[in-house]
$ cat target-v4.txt   # compact mmCIF, C-alpha atoms
# COMPACT_ATOMS: atom_id res chain seq x y z
CA MET A 9 70.58 165.58 -36.86
CA SER A 10 71.05 167.30 -33.51
CA ASP A 11 74.35 169.02 -32.90
CA VAL A 12 74.23 168.58 -29.08
CA PRO A 13 76.64 165.56 -29.00
CA ALA A 14 79.11 167.48 -31.14
CA ARG A 15 79.03 170.49 -28.78
CA ASP A 16 79.49 168.20 -25.73
CA ALA A 17 82.47 166.56 -27.36
CA MET A 18 83.97 169.98 -28.17
CA ASP A 19 83.38 171.20 -24.63
CA VAL A 20 85.25 168.20 -23.19
CA ARG A 21 88.15 168.78 -25.59
CA VAL A 22 88.55 172.48 -24.93
CA ASN A 23 87.73 172.55 -21.22
CA PRO A 24 90.33 170.54 -19.24
CA SER A 25 88.87 171.61 -15.91
CA ARG A 26 85.53 170.13 -16.86
CA ARG A 27 87.23 166.89 -17.95
CA ARG A 28 88.94 166.65 -14.58
CA LEU A 29 85.64 167.28 -12.85
CA LEU A 30 83.92 164.53 -14.82
CA THR A 31 86.76 162.11 -14.13
CA ALA A 32 86.66 162.87 -10.42
CA ALA A 33 82.90 162.31 -10.35
CA ALA A 34 83.34 158.95 -12.07
CA VAL A 35 86.03 157.57 -9.78
CA SER A 36 84.89 159.06 -6.48
CA PRO A 37 82.45 156.19 -5.72
CA VAL A 38 85.27 153.68 -6.28
CA LEU A 39 87.67 155.60 -4.06
CA ALA A 40 84.97 156.06 -1.46
CA GLY A 41 84.28 152.35 -1.51
CA ALA A 42 87.96 151.50 -1.10
CA GLY A 43 88.24 153.93 1.79
CA ALA A 44 85.16 152.48 3.41
CA ARG A 45 86.51 148.95 3.08
CA THR A 46 89.82 150.01 4.68
CA ALA A 47 88.00 151.78 7.49
CA THR A 48 85.72 148.76 7.98
CA ALA A 49 88.71 146.37 8.20
CA GLN A 50 90.35 148.63 10.78
CA THR A 51 87.11 148.85 12.76
CA VAL A 52 86.69 145.07 12.73
CA ARG A 53 90.21 144.60 14.09
CA GLN A 54 89.62 147.24 16.77
CA GLN A 55 86.34 145.61 17.84
CA ALA A 56 87.59 142.01 17.67
CA VAL A 57 87.13 139.72 20.65
CA LEU A 58 90.27 139.54 22.77
CA PRO A 59 91.77 136.32 24.14
CA ALA A 60 91.31 135.80 27.86
CA PRO A 61 94.37 135.47 30.10
CA THR A 62 94.77 131.88 31.30
CA ALA A 63 97.21 129.75 33.30
CA GLU A 64 98.51 126.26 32.64
CA THR A 65 96.12 124.87 35.26
CA ASP A 66 93.18 126.15 33.19
CA TRP A 67 94.12 123.67 30.46
CA SER A 68 94.31 120.50 32.52
CA GLU A 69 91.38 118.93 30.65
CA VAL A 70 93.09 119.55 27.28
CA ALA A 71 96.30 118.07 28.64
CA GLY A 72 94.32 115.05 29.79
CA VAL A 73 92.83 114.50 26.33
CA LEU A 74 96.17 114.94 24.53
CA GLY A 75 98.14 112.89 27.03
CA ARG A 76 100.80 115.54 27.64
CA THR A 77 101.20 119.02 29.00
CA GLY A 78 101.83 122.15 27.00
CA LYS A 79 103.44 125.51 27.64
CA MET A 80 101.82 128.89 28.22
CA MET A 81 102.79 131.59 25.72
CA ASP A 82 101.67 135.22 25.23
CA GLY A 83 99.73 134.98 28.50
CA SER A 84 96.76 133.29 26.84
CA VAL A 85 97.98 130.55 24.47
CA TYR A 86 98.41 126.94 25.58
CA ARG A 87 100.75 125.40 23.02
CA VAL A 88 101.38 121.65 22.92
CA ARG A 89 104.21 120.15 20.86
CA PHE A 90 104.44 116.63 19.43
CA ALA A 91 108.00 115.81 18.39
CA ARG A 92 108.48 113.25 15.61
CA GLN A 93 111.59 111.68 17.13
CA ASP A 94 110.35 108.43 15.60
CA LEU A 95 111.37 109.69 12.14
CA PRO A 96 115.00 110.24 11.09
CA VAL A 97 114.11 112.91 8.50
CA VAL A 98 117.21 113.73 6.45
CA THR A 99 117.61 116.56 3.95
CA TYR A 100 120.91 117.23 2.19
CA GLY A 101 122.69 115.03 4.69
CA VAL A 102 121.29 116.82 7.76
CA ARG A 103 118.99 115.04 10.18
CA LEU A 104 116.22 117.38 11.25
CA PHE A 105 114.09 117.42 14.38
CA LEU A 106 110.52 117.87 13.17
CA GLY A 107 107.23 117.97 14.96
CA SER A 108 103.59 118.97 15.16
CA TYR A 109 101.83 121.43 17.44
CA ALA A 110 98.40 122.53 18.58
CA ALA A 111 97.79 125.98 20.09
CA PHE A 112 94.69 126.72 22.18
CA THR A 113 93.35 130.08 23.35
CA ARG A 114 90.14 130.99 25.16
CA TYR A 115 88.12 134.15 24.44
CA GLY A 116 85.93 136.44 26.47
CA ASP A 117 82.80 134.90 24.96
CA GLY A 118 83.75 131.50 26.41
CA ARG A 119 84.78 129.81 23.15
CA THR A 120 88.15 128.17 22.58
CA LEU A 121 90.10 128.40 19.33
CA VAL A 122 92.69 125.83 18.28
CA MET A 123 95.19 126.23 15.45
CA GLY A 124 98.23 124.17 14.54
CA SER A 125 99.89 121.84 12.08
CA LEU A 126 100.72 118.16 11.86
CA ALA A 127 104.00 116.87 10.39
CA VAL A 128 103.01 113.61 8.69
CA THR A 129 104.49 111.13 6.27
CA GLU A 130 102.97 110.76 2.85
CA THR A 131 101.17 107.55 3.88
CA GLU A 132 99.80 109.28 7.00
CA LEU A 133 98.59 112.39 5.20
CA GLN A 134 95.13 111.28 4.02
CA PRO A 135 94.15 109.40 7.23
CA ALA A 136 95.27 112.39 9.33
CA ALA A 137 93.33 114.82 7.13
CA ASP A 138 90.22 112.63 7.44
CA ALA A 139 90.61 112.42 11.22
CA LEU A 140 90.89 116.20 11.53
CA ARG A 141 87.74 116.77 9.45
CA ASN A 142 85.84 114.07 11.33
CA GLY A 143 86.89 115.74 14.56
CA GLY A 144 85.30 119.03 13.51
CA LEU A 145 88.57 120.74 12.56
CA GLU A 146 88.95 122.64 9.29
CA LEU A 147 91.91 121.97 7.01
CA THR A 148 93.47 125.30 6.05
CA ALA A 149 96.66 124.24 4.22
CA VAL A 150 98.57 121.16 3.05
CA HIS A 151 102.14 121.60 1.80
CA LYS A 152 105.82 120.80 2.28
CA HIS A 153 108.33 122.72 4.39
CA LEU A 154 111.52 121.15 2.99
CA LEU A 155 113.27 120.50 -0.30
CA ALA A 156 114.64 117.00 -1.06
CA HIS A 157 114.18 114.88 2.06
CA GLU A 158 113.51 111.32 3.20
CA PRO A 159 111.00 110.15 4.18
CA ALA A 160 108.59 112.40 2.27
CA MET A 161 106.88 114.69 4.78
CA TRP A 162 103.85 116.97 4.56
CA TRP A 163 102.43 119.60 6.89
CA THR A 164 98.68 119.82 7.45
CA HIS A 165 97.44 123.05 9.06
CA PHE A 166 94.12 123.11 10.87
CA HIS A 167 91.72 125.49 12.63
CA GLY A 168 88.65 124.99 14.80
CA HIS A 169 86.71 126.34 17.78
CA ALA A 170 84.16 125.11 20.29
CA GLU A 171 82.56 125.92 23.62
CA ASP A 172 84.26 122.91 25.24
CA PRO A 173 88.05 122.90 24.64
CA ARG A 174 88.09 119.13 24.94
CA THR A 175 86.16 118.85 21.65
CA PRO A 176 88.94 120.15 19.36
CA ALA A 177 91.52 118.43 21.56
CA HIS A 178 89.85 115.09 20.77
CA GLY A 179 90.06 115.95 17.07
CA VAL A 180 93.80 116.58 17.35
CA ARG A 181 94.26 113.40 19.38
CA ALA A 182 92.41 111.34 16.74
CA ALA A 183 94.63 112.74 13.96
CA LEU A 184 97.79 111.98 15.91
CA ALA A 185 96.54 108.45 16.54
CA VAL A 186 96.73 107.57 12.82
CA THR A 187 100.42 108.54 12.77
CA THR A 188 103.42 107.01 14.54
CA THR A 189 103.97 110.18 16.57
CA PRO A 190 105.34 109.05 19.97
CA SER A 191 102.84 109.30 22.80
CA THR A 192 105.46 110.71 25.19
CA PRO A 193 107.68 113.76 24.60
CA PRO A 194 111.47 113.46 24.42
CA ALA A 195 113.51 114.44 27.45
CA ALA A 196 114.30 118.16 27.50
CA SER A 197 117.93 119.01 26.83
CA GLN A 198 120.15 122.00 26.06
CA PRO A 199 123.38 120.57 24.61
CA GLN A 200 126.27 122.82 23.66
CA MET A 201 126.07 124.20 20.13
CA ASP A 202 129.06 124.47 17.77
CA LEU A 203 127.95 127.92 16.67
CA ASP A 204 128.98 131.52 17.27
CA ILE A 205 125.74 132.31 19.07
CA ALA A 206 126.75 135.87 19.97
CA ALA A 207 127.49 136.73 16.32
CA VAL A 208 124.19 135.20 15.15
CA GLU A 209 122.22 137.07 17.81
CA GLU A 210 123.99 140.35 17.05
CA ALA A 211 123.22 140.02 13.34
CA LEU A 212 119.54 139.26 14.00
CA HIS A 213 119.22 141.85 16.81
CA ALA A 214 117.46 139.19 18.86
CA LYS A 215 118.01 136.55 21.53
CA GLY A 216 117.73 132.92 20.53
CA VAL A 217 116.56 129.92 22.55
CA ASN A 218 118.52 126.67 22.85
CA ASP A 219 115.84 124.13 21.96
CA SER A 220 117.45 120.69 22.29
CA GLY A 221 120.61 121.86 20.53
CA ILE A 222 118.89 124.06 17.93
CA LEU A 223 119.07 127.85 18.17
CA ARG A 224 115.57 129.18 17.50
CA PHE A 225 114.34 132.75 17.00
CA THR A 226 110.77 134.08 16.92
CA PHE A 227 109.66 137.39 15.37
CA ASN A 228 106.11 138.63 15.93
CA ARG A 229 104.04 140.68 13.50
CA ARG A 230 103.75 144.31 14.65
CA GLU A 231 100.11 144.68 13.64
CA THR A 232 97.08 143.02 15.21
CA VAL A 233 96.01 139.88 13.33
CA THR A 234 92.37 138.78 13.53
CA ASP A 235 90.27 135.91 12.26
CA HIS A 236 86.46 135.80 12.27
CA GLY A 237 86.37 138.72 14.68
CA ARG A 238 88.94 137.29 17.11
CA VAL A 239 92.40 138.62 17.86
CA LEU A 240 95.05 135.96 17.18
CA PRO A 241 97.97 136.07 19.63
CA PRO A 242 101.35 135.55 17.92
CA ALA A 243 101.82 132.11 19.50
CA MET A 244 98.81 130.82 17.55
CA GLY A 245 101.15 130.72 14.53
CA MET A 246 101.30 134.33 13.29
CA THR A 247 105.10 134.56 13.55
CA THR A 248 108.35 134.30 11.64
CA LEU A 249 110.41 131.34 12.90
CA ILE A 250 114.12 130.84 12.21
CA SER A 251 116.09 127.77 13.30
CA PHE A 252 119.87 127.33 13.25
CA GLN A 253 120.91 123.69 13.49
CA PRO A 254 124.70 123.38 13.93
CA VAL A 255 126.40 121.04 11.45
CA GLY A 256 130.02 121.57 12.56
CA GLY A 257 132.76 124.14 12.09
CA GLY A 258 130.52 127.06 13.00
CA ARG A 259 128.21 126.27 10.10
CA ALA A 260 124.48 125.75 10.43
CA ALA A 261 121.51 124.46 8.51
CA VAL A 262 118.91 127.22 8.66
CA HIS A 263 115.23 126.66 8.02
CA GLY A 264 111.88 128.05 9.09
CA ASP A 265 109.36 130.46 7.60
CA PHE A 266 108.69 134.15 7.18
CA ALA A 267 105.21 135.52 7.95
CA MET A 268 104.46 138.23 5.37
CA THR A 269 101.71 140.37 3.97
CA ALA A 270 101.27 140.29 0.19
CA GLY A 271 103.16 143.55 -0.22
CA GLU A 272 106.20 142.16 1.60
CA VAL A 273 106.58 138.90 -0.32
CA ARG A 274 108.61 140.22 -3.26
CA ASN A 275 111.25 141.97 -1.16
CA VAL A 276 111.60 139.10 1.32
CA LEU A 277 112.17 136.52 -1.41
CA ALA A 278 114.64 138.83 -3.16
CA ALA A 279 116.60 139.35 0.08
CA LEU A 280 116.73 135.59 0.73
CA ARG A 281 118.09 134.87 -2.73
CA ARG A 282 120.65 137.69 -2.52
CA GLY A 283 121.90 136.01 0.65
CA GLY A 284 122.25 132.63 -1.07
CA ILE A 285 119.26 131.14 0.76
CA ASP A 286 117.03 128.69 -1.10
CA ILE A 287 113.28 129.32 -1.29
CA VAL A 288 111.35 126.14 -0.50
CA GLU A 289 107.67 127.10 -0.45
CA LEU A 290 105.43 130.16 -0.65
CA HIS A 291 101.93 129.54 0.69
CA SER A 292 99.30 130.45 3.26
CA HIS A 293 98.64 128.69 6.55
CA GLY A 294 95.12 130.00 7.14
CA LEU A 295 92.06 130.99 5.13
CA THR A 296 90.49 134.14 6.55
CA GLU A 297 92.97 136.02 8.76
CA GLU A 298 93.28 139.81 8.50
CA PRO A 299 95.65 141.07 7.32
CA ARG A 300 96.15 138.15 4.92
CA LEU A 301 99.44 136.41 5.69
CA PHE A 302 101.71 134.32 3.47
CA PHE A 303 104.60 132.16 4.59
CA ALA A 304 107.92 131.58 2.83
CA HIS A 305 109.94 128.54 3.89
CA PHE A 306 113.67 128.58 3.28
CA TRP A 307 116.83 126.47 3.51
CA ALA A 308 120.60 126.99 3.49
CA ILE A 309 123.81 125.57 4.97
CA GLU A 310 126.62 128.06 5.61
CA ASP A 311 128.51 129.94 8.30
CA GLY A 312 125.98 130.82 10.98
CA ALA A 313 126.77 134.55 11.23
CA THR A 314 126.80 134.92 7.44
CA LEU A 315 123.35 133.38 7.19
CA ALA A 316 122.09 135.52 10.07
CA ARG A 317 123.06 138.70 8.21
CA ALA A 318 121.22 137.51 5.10
CA LEU A 319 118.15 136.65 7.16
CA ARG A 320 118.30 140.06 8.86
CA ALA A 321 118.00 141.72 5.45
CA ALA A 322 114.87 139.67 4.77
CA LEU A 323 113.46 140.51 8.21
CA ASP A 324 113.95 144.20 7.49
CA ALA A 325 111.50 143.81 4.59
CA THR A 326 108.70 142.82 7.01
CA ARG A 327 106.84 144.48 9.86
CA ALA A 328 108.25 142.08 12.44
CA ALA A 329 109.79 142.49 15.89
CA PRO A 330 111.81 139.88 17.81
CA ALA A 331 109.88 138.13 20.56
CA VAL A 332 113.04 138.47 22.69
CA GLU A 333 115.22 141.46 21.81
CA LEU A 334 118.85 142.05 22.66
CA LEU A 335 119.28 144.41 25.60

$ encode --input "target-v4.txt" --output "structure tokens"
Amino acid sequence: MSDVPARDAMDVRVNPSRRRLLTAAAVSPVLAGAGARTATAQTVRQQAVLPAPTAETDWSEVAGVLGRTGKMMDGSVYRVRFARQDLPVVTYGVRLFLGSYAAFTRYGDGRTLVMGSLAVTETELQPAADALRNGGLELTAVHKHLLAHEPAMWWTHFHGHAEDPRTPAHGVRAALAVTTTPSTPPAASQPQMDLDIAAVEEALHAKGVNDSGILRFTFNRRETVTDHGRVLPPAMGMTTLISFQPVGGGRAAVHGDFAMTAGEVRNVLAALRRGGIDIVELHSHGLTEEPRLFFAHFWAIEDGATLARALRAALDATRAAPAVELL
């Protein structure tokens, strides 16, 4: 019997430097592959197609299809909201103001991307999902945003693109048509809020917006988010949203969602729970964005400033910046 295997085994045992050399040779292709994949992902984001700047007048055809006007955001996103004021959705004794949205952006190659979500009742869910698919829009998520609530509500996220922006707009319109979503928007209002707004804003280091009596905050991801080679502006849905709905005595019902990468999820959820905030859902909204984003929905009722401090701790666990910062 040859003694070569025995000598090789002895050499490995008595020669640590050789063992390290062999180990390095074995893992170097794996490490090289990982490095190449990271470099490739960075290159793809750097070379992604940018959205084209547009004005509200550029979206008149979309407004005509949808039957209402939207609002320009991020200089390139035309975002249209569809309030569900027809539904008195109540959770833990609080009536919430829910709604759907569709966000459109045009790119330098002439194509238009639409992303959004529909707030639908359980009986509307399947017809709305069918209408979206029949309209050429891809379903990317179906889930809840709230804990115990009546009536039962679901959120259906969608994604699509086309040369003619009216094509996806017709798909959104068809899905809305199988729901009881009002065809006209509610009158805009900014009622006084029984809330220490200054304390909430100071805790969050951000300025809120009075949206029909609800104090809303938006926090954008610091990194560039892409999908199929296209840069996604924050207003397409790549943001953390926090809403404070006053319930009296300086207290508020807070709800919304955190946009997180996988590595941020654990610390965000831990910070929410330390602050006494309930976790409602952990899920994705899209299918192929880079970096991959997950969303955590939350709920709590407490003193507004107290909740803001707890939410600030969770925000600190993400790479997010307020859309409107305190001066």

$ residues_around --input "target-v4.txt" --residues "segment 175-183 of chain A" --least-positions-apart "5" --cutoff "9 Å" --atoms "all atoms listed in the file" --output "NGL selection string"
:A and (70-71 or 73-75 or 110 or 112 or 120-122 or 126 or 135-145 or 168-170)

$ residues_around --input "target-v4.txt" --residues "Ala211 of chain A" --least-positions-apart "3" --cutoff "12 Å" --atoms "all atoms listed in the file" --output "list of chain:residue names"
A:Asp204, A:Ile205, A:Ala206, A:Ala207, A:Val208, A:Ala214, A:Lys215, A:Gly216, A:Gly312, A:Ala313, A:Thr314, A:Leu315, A:Ala316, A:Arg317, A:Ala318, A:Leu319, A:Arg320, A:Ala321, A:Ala322, A:Leu323, A:Asp324, A:Glu333, A:Leu334

$ residues_around --input "target-v4.txt" --residues "segment 55-61 of chain A" --least-positions-apart "2" --cutoff "9 Å" --atoms "all atoms listed in the file" --output "ChimeraX atom specification"
/A:50-53,63,82-85,113-118,234-241

$ atom_distance --input "target-v4.txt" --atom1 "atom CA of Leu154 of chain A" --atom2 "atom CA of Gly256 of chain A"
20.8 Å

$ residues_around --input "target-v4.txt" --residues "Glu132 of chain A" --least-positions-apart "2" --cutoff "12 Å" --atoms "all atoms listed in the file" --output "ChimeraX atom specification"
/A:126-130,134-139,159-164,183-189

$ residues_around --input "target-v4.txt" --residues "Thr269 of chain A" --least-positions-apart "3" --cutoff "7 Å" --atoms "only C-alpha atoms" --output "tab-separated table (two decimals) with C-alpha atoms, keeping the file's coordinate frame"
chain	number	residue	atom	x	y	z
A	272	GLU	CA	106.20	142.16	1.60
A	273	VAL	CA	106.58	138.90	-0.32
A	299	PRO	CA	95.65	141.07	7.32
A	300	ARG	CA	96.15	138.15	4.92
A	301	LEU	CA	99.44	136.41	5.69
A	302	PHE	CA	101.71	134.32	3.47

$ closest_residue --input "target-v4.txt" --among "A:Gly107, A:Pro330, A:Gly271, A:Gly264" --to "Phe90 of chain A" --atoms "only C-alpha atoms"
A:Gly107

$ atom_distance --input "target-v4.txt" --atom1 "atom CA of Glu69 of chain A" --atom2 "atom CA of Leu95 of chain A"
28.8 Å
